[in-house]
$ cat input.txt   # compact mmCIF, C-alpha atoms
# COMPACT_ATOMS: atom_id res chain seq x y z
CA MET A 959 91.90 199.35 61.06
CA ALA A 960 95.05 197.80 62.52
CA VAL A 961 95.18 196.79 66.17
CA ARG A 962 98.05 198.28 68.14
CA LEU A 963 100.07 195.73 70.13
CA HIS A 964 102.02 197.63 72.81
CA CYS A 965 104.84 195.50 74.23
CA PHE A 966 107.08 195.61 77.30
CA ALA A 967 110.18 193.42 77.62
CA HIS A 968 111.62 191.26 80.37
CA ALA A 969 114.21 192.48 82.86
CA GLY A 970 117.48 193.54 81.29
CA ALA A 971 116.02 193.67 77.76
CA GLY A 972 114.87 196.41 75.41
CA ASP A 973 112.77 196.74 72.28
CA SER A 974 115.05 194.32 70.42
CA ALA A 975 113.02 191.51 72.05
CA PHE A 976 110.15 192.39 69.68
CA ARG A 977 112.10 193.47 66.61
CA ARG A 978 111.04 190.59 64.36
CA TRP A 979 107.49 190.20 65.64
CA SER A 980 105.88 191.84 62.62
CA ARG A 981 106.81 188.72 60.60
CA SER A 982 104.82 186.47 62.92
CA THR A 983 101.87 188.49 64.24
CA GLY A 984 100.29 188.55 60.79
CA SER A 985 98.14 191.13 59.07
CA GLY A 986 96.22 193.88 60.81
CA VAL A 987 98.56 194.17 63.81
CA ASP A 988 101.05 196.97 64.50
CA THR A 989 103.65 195.99 67.12
CA ILE A 990 104.98 198.90 69.16
CA ALA A 991 107.74 198.20 71.71
CA TRP A 992 108.31 200.55 74.63
CA PRO A 993 111.91 200.19 75.90
CA LEU A 994 112.73 201.50 79.34
CA PRO A 995 115.59 203.96 79.77
CA GLY A 996 119.05 202.47 80.18
CA ARG A 997 119.02 200.09 77.20
CA ASP A 998 119.03 200.00 73.38
CA ARG A 999 118.53 203.47 71.91
CA ARG A 1000 117.92 204.83 75.43
CA ARG A 1001 121.02 203.30 76.99
CA ARG A 1002 122.44 206.66 78.13
CA GLU A 1003 119.31 207.63 80.06
CA PRO A 1004 118.98 207.01 83.82
CA ARG A 1005 117.11 203.82 84.64
CA VAL A 1006 113.80 203.85 86.55
CA THR A 1007 113.28 201.74 89.67
CA THR A 1008 109.94 202.94 91.09
CA CYS A 1009 106.32 202.83 89.98
CA GLU A 1010 106.09 206.62 89.96
CA ALA A 1011 109.19 207.01 87.79
CA LEU A 1012 107.96 204.34 85.37
CA LEU A 1013 104.57 205.99 84.81
CA ALA A 1014 106.24 209.36 84.31
CA ASP A 1015 108.58 207.83 81.74
CA LEU A 1016 105.68 206.23 79.86
CA GLY A 1017 103.97 209.57 79.29
CA PRO A 1018 104.40 209.22 75.48
CA LEU A 1019 102.47 205.92 75.58
CA PHE A 1020 99.55 207.55 77.38
CA GLU A 1021 99.60 210.40 74.84
CA HIS A 1022 99.65 207.89 71.99
CA ILE A 1023 96.57 206.11 73.36
CA ALA A 1024 94.79 209.41 74.02
CA ASP A 1025 95.42 210.50 70.42
CA GLU A 1026 93.79 207.33 69.01
CA PRO A 1027 90.54 206.96 70.99
CA GLY A 1028 88.88 204.78 68.35
CA VAL A 1029 91.79 202.43 67.69
CA PRO A 1030 91.67 199.09 69.55
CA TYR A 1031 94.87 198.04 71.27
CA VAL A 1032 96.39 195.21 73.29
CA LEU A 1033 99.00 195.42 76.04
CA TYR A 1034 101.55 192.60 76.29
CA GLY A 1035 104.35 192.30 78.81
CA HIS A 1036 106.88 189.51 79.32
CA SER A 1037 108.15 188.70 82.84
CA LEU A 1038 108.91 192.17 84.30
CA GLY A 1039 107.00 193.55 81.32
CA ALA A 1040 103.87 191.71 82.47
CA THR A 1041 103.84 193.69 85.70
CA ILE A 1042 104.47 196.86 83.69
CA ALA A 1043 101.54 196.08 81.38
CA TYR A 1044 99.27 195.47 84.37
CA THR A 1045 100.43 198.74 85.99
CA VAL A 1046 99.78 200.64 82.76
CA ALA A 1047 96.28 199.15 82.46
CA ARG A 1048 95.42 200.25 85.99
CA ALA A 1049 96.83 203.75 85.41
CA LEU A 1050 94.87 204.13 82.17
CA ARG A 1051 91.63 203.42 83.99
CA GLU A 1052 92.49 205.87 86.76
CA THR A 1053 93.22 208.64 84.25
CA GLY A 1054 90.05 207.99 82.23
CA LEU A 1055 91.86 207.04 79.01
CA PRO A 1056 90.58 204.32 76.64
CA GLN A 1057 91.11 200.85 78.08
CA PRO A 1058 92.95 198.06 76.27
CA ALA A 1059 90.76 195.52 74.52
CA LEU A 1060 93.00 192.86 76.08
CA LEU A 1061 95.73 192.70 78.71
CA ALA A 1062 98.15 189.86 77.94
CA VAL A 1063 100.86 188.81 80.39
CA GLY A 1064 103.60 186.24 79.95
CA ALA A 1065 106.13 184.36 82.10
CA CYS A 1066 105.26 186.19 85.29
CA PRO A 1067 103.41 185.36 88.52
CA PRO A 1068 100.85 188.01 89.48
CA PRO A 1069 101.29 190.50 92.33
CA GLY A 1070 100.70 189.00 95.73
CA THR A 1071 102.40 185.69 94.86
CA PRO A 1072 106.09 184.74 95.22
CA ALA A 1073 108.43 186.09 92.55
CA VAL A 1074 111.88 184.52 92.89
CA LEU A 1075 113.87 186.96 90.79
CA ALA A 1076 112.30 190.14 92.17
CA ALA A 1077 112.96 188.90 95.70
CA ALA A 1078 116.65 188.52 94.81
CA ALA A 1079 117.08 192.16 93.73
CA GLU A 1080 119.38 193.15 96.62
CA LEU A 1081 121.50 190.00 96.85
CA PRO A 1082 125.26 190.35 96.34
CA ASP A 1083 126.35 189.85 92.75
CA ALA A 1084 127.59 186.29 93.17
CA GLU A 1085 124.40 185.20 94.93
CA LEU A 1086 122.17 186.93 92.40
CA LEU A 1087 124.10 185.28 89.56
CA ALA A 1088 123.56 181.92 91.25
CA VAL A 1089 119.79 182.53 91.40
CA LEU A 1090 119.70 183.63 87.76
CA ASP A 1091 121.70 180.59 86.71
CA ARG A 1092 119.48 178.23 88.73
CA TYR A 1093 116.42 179.38 86.81
CA GLY A 1094 118.03 179.74 83.40
CA ALA A 1095 117.74 183.54 83.46
CA ALA A 1096 121.40 184.26 82.66
CA PRO A 1097 123.61 183.09 79.77
CA PRO A 1098 125.45 179.81 80.46
CA ASP A 1099 128.89 180.11 82.11
CA THR A 1100 128.37 183.74 83.14
CA ARG A 1101 130.87 184.75 85.82
CA PRO A 1102 131.54 187.89 87.93
CA GLY A 1103 133.65 190.33 85.93
CA ASP A 1104 132.74 189.13 82.45
CA VAL A 1105 131.07 191.29 79.81
CA TRP A 1106 127.50 190.22 80.66
CA HIS A 1107 128.11 190.82 84.36
CA ARG A 1108 129.54 194.31 83.78
CA HIS A 1109 127.02 195.56 81.22
CA VAL A 1110 123.77 193.65 81.67
CA MET A 1111 123.72 192.82 85.37
CA PRO A 1112 123.34 196.46 86.55
CA VAL A 1113 120.37 196.94 84.22
CA LEU A 1114 118.80 193.68 85.29
CA ARG A 1115 119.25 194.46 88.99
CA ASP A 1116 117.52 197.84 88.62
CA ASP A 1117 114.73 196.14 86.68
CA LEU A 1118 114.24 193.71 89.56
CA ARG A 1119 114.01 196.68 91.92
CA LEU A 1120 111.37 198.14 89.60
CA ALA A 1121 109.50 194.83 89.70
CA LEU A 1122 109.44 194.97 93.51
CA SER A 1123 108.05 198.51 93.43
CA LEU A 1124 105.35 197.64 90.90
CA ARG A 1125 104.26 194.53 92.75
CA ALA A 1126 104.03 196.49 96.01
CA ALA A 1127 101.92 199.18 94.29
CA ALA A 1128 99.43 196.72 92.73
CA ASP A 1129 96.01 197.68 94.06
CA GLY A 1130 93.34 195.55 92.45
CA PRO A 1131 92.08 193.85 89.30
CA VAL A 1132 91.76 195.33 85.83
CA ASP A 1133 88.36 195.60 84.16
CA VAL A 1134 89.38 194.11 80.81
CA PRO A 1135 89.87 190.55 79.51
CA LEU A 1136 93.18 189.03 80.58
CA LEU A 1137 95.30 186.43 78.77
CA ALA A 1138 98.08 184.73 80.74
CA VAL A 1139 100.71 182.86 78.71
CA GLY A 1140 103.37 180.54 80.07
CA GLY A 1141 106.23 178.39 78.81
CA ALA A 1142 105.82 174.67 79.34
CA ASP A 1143 109.32 174.45 80.84
CA ASP A 1144 109.38 177.79 82.68
CA ARG A 1145 110.53 177.25 86.27
CA LEU A 1146 109.89 180.88 87.24
CA ALA A 1147 106.19 181.03 86.33
CA ASP A 1148 104.52 177.64 86.12
CA ALA A 1149 100.90 176.95 85.20
CA ASP A 1150 99.66 177.27 88.79
CA ALA A 1151 101.32 180.67 89.19
CA LEU A 1152 99.83 181.92 85.92
CA ALA A 1153 96.37 180.67 86.90
CA ALA A 1154 96.45 183.12 89.82
CA TRP A 1155 96.17 185.99 87.30
CA GLY A 1156 92.49 185.08 87.12
CA ASP A 1157 92.05 186.95 90.40
CA TRP A 1158 93.43 190.13 88.82
CA THR A 1159 90.68 190.79 86.31
CA THR A 1160 86.94 191.30 86.52
CA GLY A 1161 86.67 190.32 82.86
CA ARG A 1162 87.21 187.07 81.02
CA PHE A 1163 90.36 185.13 81.90
CA VAL A 1164 92.15 182.79 79.50
CA GLN A 1165 95.35 180.83 80.11
CA ARG A 1166 97.61 179.36 77.42
CA THR A 1167 100.83 177.33 77.51
CA LEU A 1168 103.46 177.49 74.77
CA PRO A 1169 106.59 175.42 74.18
CA GLY A 1170 109.81 176.65 75.76
CA GLY A 1171 111.22 178.01 78.98
CA HIS A 1172 111.15 181.48 80.51
CA PHE A 1173 112.25 183.21 77.30
CA PHE A 1174 109.63 181.80 74.93
CA VAL A 1175 109.18 185.45 73.91
CA ARG A 1176 112.03 184.79 71.46
CA ASP A 1177 110.10 182.12 69.55
CA ARG A 1178 107.42 182.48 66.88
CA GLU A 1179 104.54 180.88 68.77
CA LEU A 1180 103.96 183.85 71.09
CA PRO A 1181 103.64 186.59 68.43
CA ARG A 1182 101.43 184.25 66.40
CA LEU A 1183 99.16 183.74 69.41
CA LEU A 1184 98.97 187.46 70.11
CA GLY A 1185 98.38 188.21 66.44
CA ARG A 1186 95.37 185.90 66.45
CA ALA A 1187 94.12 187.48 69.68
CA ALA A 1188 94.48 190.95 68.17
CA ARG A 1189 92.43 189.97 65.14
CA VAL A 1190 89.71 188.62 67.42
CA VAL A 1191 89.78 192.01 69.14
CA ARG A 1192 89.45 193.77 65.79
CA ARG A 1193 86.46 191.66 64.72
CA ALA A 1194 84.76 192.19 68.07
CA ARG A 1195 85.28 195.95 67.83
CA ALA A 1196 83.90 196.02 64.29
CA GLN A 1197 80.82 194.05 65.37
CA GLN A 1198 80.31 196.37 68.32
CA GLN A 1199 80.52 199.44 66.10
CA GLN A 1200 78.10 197.89 63.62
CA GLN A 1201 75.60 197.13 66.38
CA GLN A 1202 75.90 200.66 67.72
CA GLN A 1203 75.27 202.06 64.25
CA GLN A 1204 72.22 199.83 63.81
CA ARG A 1205 70.79 201.01 67.15
CA GLN A 1206 71.36 204.63 66.18
CA ASP A 1207 69.66 204.04 62.83
CA ARG A 1208 66.65 202.46 64.56
CA GLU A 1209 66.41 205.29 67.05
CA GLN A 1210 66.58 207.88 64.30
CA GLY A 1211 63.99 206.00 62.28
CA GLY A 1212 61.63 205.94 65.25
CA THR A 1213 61.65 209.72 65.56
CA ARG A 1214 60.61 210.38 61.99
$ encode --input "input.txt" --output "structure tokens"
Amino acid sequence: MAVRLHCFAHAGAGDSAFRRWSRSTGSGVDTIAWPLPGRDRRRREPRVTTCEALLADLGPLFEHIADEPGVPYVLYGHSLGATIAYTVARALRETGLPQPALLAVGACPPPGTPAVLAAAAELPDAELLAVLDRYGAAPPDTRPGDVWHRHVMPVLRDDLRLALSLRAAADGPVDVPLLAVGGADDRLADADALAAWGDWTTGRFVQRTLPGGHFFVRDRELPRLLGRAARVVRRARAQQQQQQQQRQDREQGGTR
């Protein structure tokens, strides 16, 4: 049985961020990217900027999970996507749907701690560009009026507004294991910021650091790490099912 790896991208990005992951996650893992409206194949759809609108838009994900109650799955989100993954995990619990075997977050400080980019959501374009440039979150030499500014900046700004809404709506820890992953050179989410995710789970907390800056999602080390984690999840689920079957067999044998 393959483990589903549901992924959510960073601000301004779509499912293309995970397009080549199947080459690196390894066997037994199905990567499924969930792009938000306003980008990639959904570029003509209105963008979402609130928690309520996001959860409504992700209805197909909830249906997908409901239709596969016995299939283990992992949620991974990068930067903005980390807050989305956390929000989805909380909503799944509230609706009584199967919980993820693991919540994995990358390149993002948890709710309740400073988030430089989200806090810059309403700055004028030139000031927001300066913040993005300072933290390596925009292409080099980007200037007001260029192609990136005209086509990507509006999407990114709305994504930062969404991040603000999600962080404000965060209402407690998840009840599943949580893996926080950071880039060694990431100035937006350093090791101390990632360690604070330990307060956002009642389950086991693990922290890992990978080479790279904020966009280490583009390198092979992250999908390899998540692929290994997914296979651990699969083995644990198989052992759990085997133990349950053994208990049932003993109980049935005791009634004969």
$ closest_atom_pairs --input "input.txt" --of "region 1152-1211 of chain A" --to "region 1094-1102 of chain A" --cutoff "12 Å" --atoms "all atoms listed in the file" --output "JSON lines"
{"residue": "A:Gly1170", "atom": "CA", "partner": "A:Gly1094", "partner_atom": "CA", "distance": 11.6}
{"residue": "A:Gly1171", "atom": "CA", "partner": "A:Gly1094", "partner_atom": "CA", "distance": 8.3}
{"residue": "A:His1172", "atom": "CA", "partner": "A:Ala1095", "partner_atom": "CA", "distance": 7.5}
{"residue": "A:Phe1173", "atom": "CA", "partner": "A:Ala1095", "partner_atom": "CA", "distance": 8.3}
{"residue": "A:Phe1174", "atom": "CA", "partner": "A:Ala1095", "partner_atom": "CA", "distance": 11.9}
$ write_last_selection --input "input.txt" --atoms "C-alpha atoms" --output "CSV table (one decimal), keeping the file's coordinate frame"
chain,number,residue,atom,x,y,z
A,1170,GLY,CA,109.8,176.6,75.8
A,1171,GLY,CA,111.2,178.0,79.0
A,1172,HIS,CA,111.2,181.5,80.5
A,1173,PHE,CA,112.2,183.2,77.3
A,1174,PHE,CA,109.6,181.8,74.9
$ atom_distance --input "input.txt" --atom1 "CA of Arg1205 (chain A)" --atom2 "CA of Gly1028 (chain A)"
18.5 Å
$ residues_around --input "input.txt" --residues "region 984-1000 of chain A" --least-positions-apart "2" --cutoff "6 Å" --atoms "all atoms listed in the file" --output "PyMOL selection string"
chain A and resi 960-966+972-973+982+1002-1005+1185
$ closest_residue --input "input.txt" --among "A:Thr1071, A:Met1111, A:Leu1012, A:Val1029" --to "Arg1192 (chain A)" --atoms "only C-alpha atoms"
A:Val1029
$ closest_residue --input "input.txt" --among "A:Ile1042, A:Ala969, A:Ala1059, A:Ile1023" --to "Arg1193 (chain A)" --atoms "only C-alpha atoms"
A:Ala1059
$ atom_distance --input "input.txt" --atom1 "CA of Ala1142 (chain A)" --atom2 "CA of Ala1065 (chain A)"
10.1 Å
$ atom_distance --input "input.txt" --atom1 "CA of Trp1106 (chain A)" --atom2 "CA of Ala971 (chain A)"
12.3 Å
$ closest_residue --input "input.txt" --among "A:Pro1069, A:Asp1177, A:Ala1196, A:Asp1117" --to "Ala975 (chain A)" --atoms "all atoms listed in the file"
A:Asp1177
$ closest_residue --input "input.txt" --among "A:Pro1112, A:Val1191, A:Asp1207, A:Cys1066" --to "Ala1151 (chain A)" --atoms "only C-alpha atoms"
A:Cys1066
$ closest_residue --input "input.txt" --among "A:Ala1073, A:Cys1009, A:Leu1060, A:Thr1159" --to "Val1032 (chain A)" --atoms "all atoms listed in the file"
A:Leu1060
$ axis_aligned_box --input "input.txt" --around "region 990-1003 of chain A" --padding-each-side "6 Å" --output "JSON"
{"center_x": 113.7, "center_y": 202.9, "center_z": 74.7, "size_x": 29.5, "size_y": 21.4, "size_z": 23.0}
$ residues_around --input "input.txt" --residues "Arg1115 (chain A)" --least-positions-apart "6" --cutoff "8 Å" --atoms "all atoms listed in the file" --output "number ranges by chain"
A: 970, 1079-1080
$ residues_around --input "input.txt" --residues "Thr1045 (chain A)" --least-positions-apart "2" --cutoff "10 Å" --atoms "only C-alpha atoms" --output "PDB file with C-alpha atoms, keeping the file's coordinate frame"
ATOM      1  CA  CYS A1009     106.320 202.830  89.980  1.00  0.00           C
ATOM      2  CA  LEU A1012     107.960 204.340  85.370  1.00  0.00           C
ATOM      3  CA  LEU A1013     104.570 205.990  84.810  1.00  0.00           C
ATOM      4  CA  GLY A1039     107.000 193.550  81.320  1.00  0.00           C
ATOM      5  CA  ALA A1040     103.870 191.710  82.470  1.00  0.00           C
ATOM      6  CA  THR A1041     103.840 193.690  85.700  1.00  0.00           C
ATOM      7  CA  ILE A1042     104.470 196.860  83.690  1.00  0.00           C
ATOM      8  CA  ALA A1043     101.540 196.080  81.380  1.00  0.00           C
ATOM      9  CA  ALA A1047      96.280 199.150  82.460  1.00  0.00           C
ATOM     10  CA  ARG A1048      95.420 200.250  85.990  1.00  0.00           C
ATOM     11  CA  ALA A1049      96.830 203.750  85.410  1.00  0.00           C
ATOM     12  CA  LEU A1050      94.870 204.130  82.170  1.00  0.00           C
ATOM     13  CA  LEU A1124     105.350 197.640  90.900  1.00  0.00           C
ATOM     14  CA  ARG A1125     104.260 194.530  92.750  1.00  0.00           C
ATOM     15  CA  ALA A1127     101.920 199.180  94.290  1.00  0.00           C
ATOM     16  CA  ALA A1128      99.430 196.720  92.730  1.00  0.00           C
ATOM     17  CA  ASP A1129      96.010 197.680  94.060  1.00  0.00           C
ATOM     18  CA  VAL A1132      91.760 195.330  85.830  1.00  0.00           C
TER      19      VAL A1132
END
$ closest_residue --input "input.txt" --among "A:Val1175, A:Arg1208, A:Val1164, A:Ala1078" --to "Ala1121 (chain A)" --atoms "all atoms listed in the file"
A:Ala1078
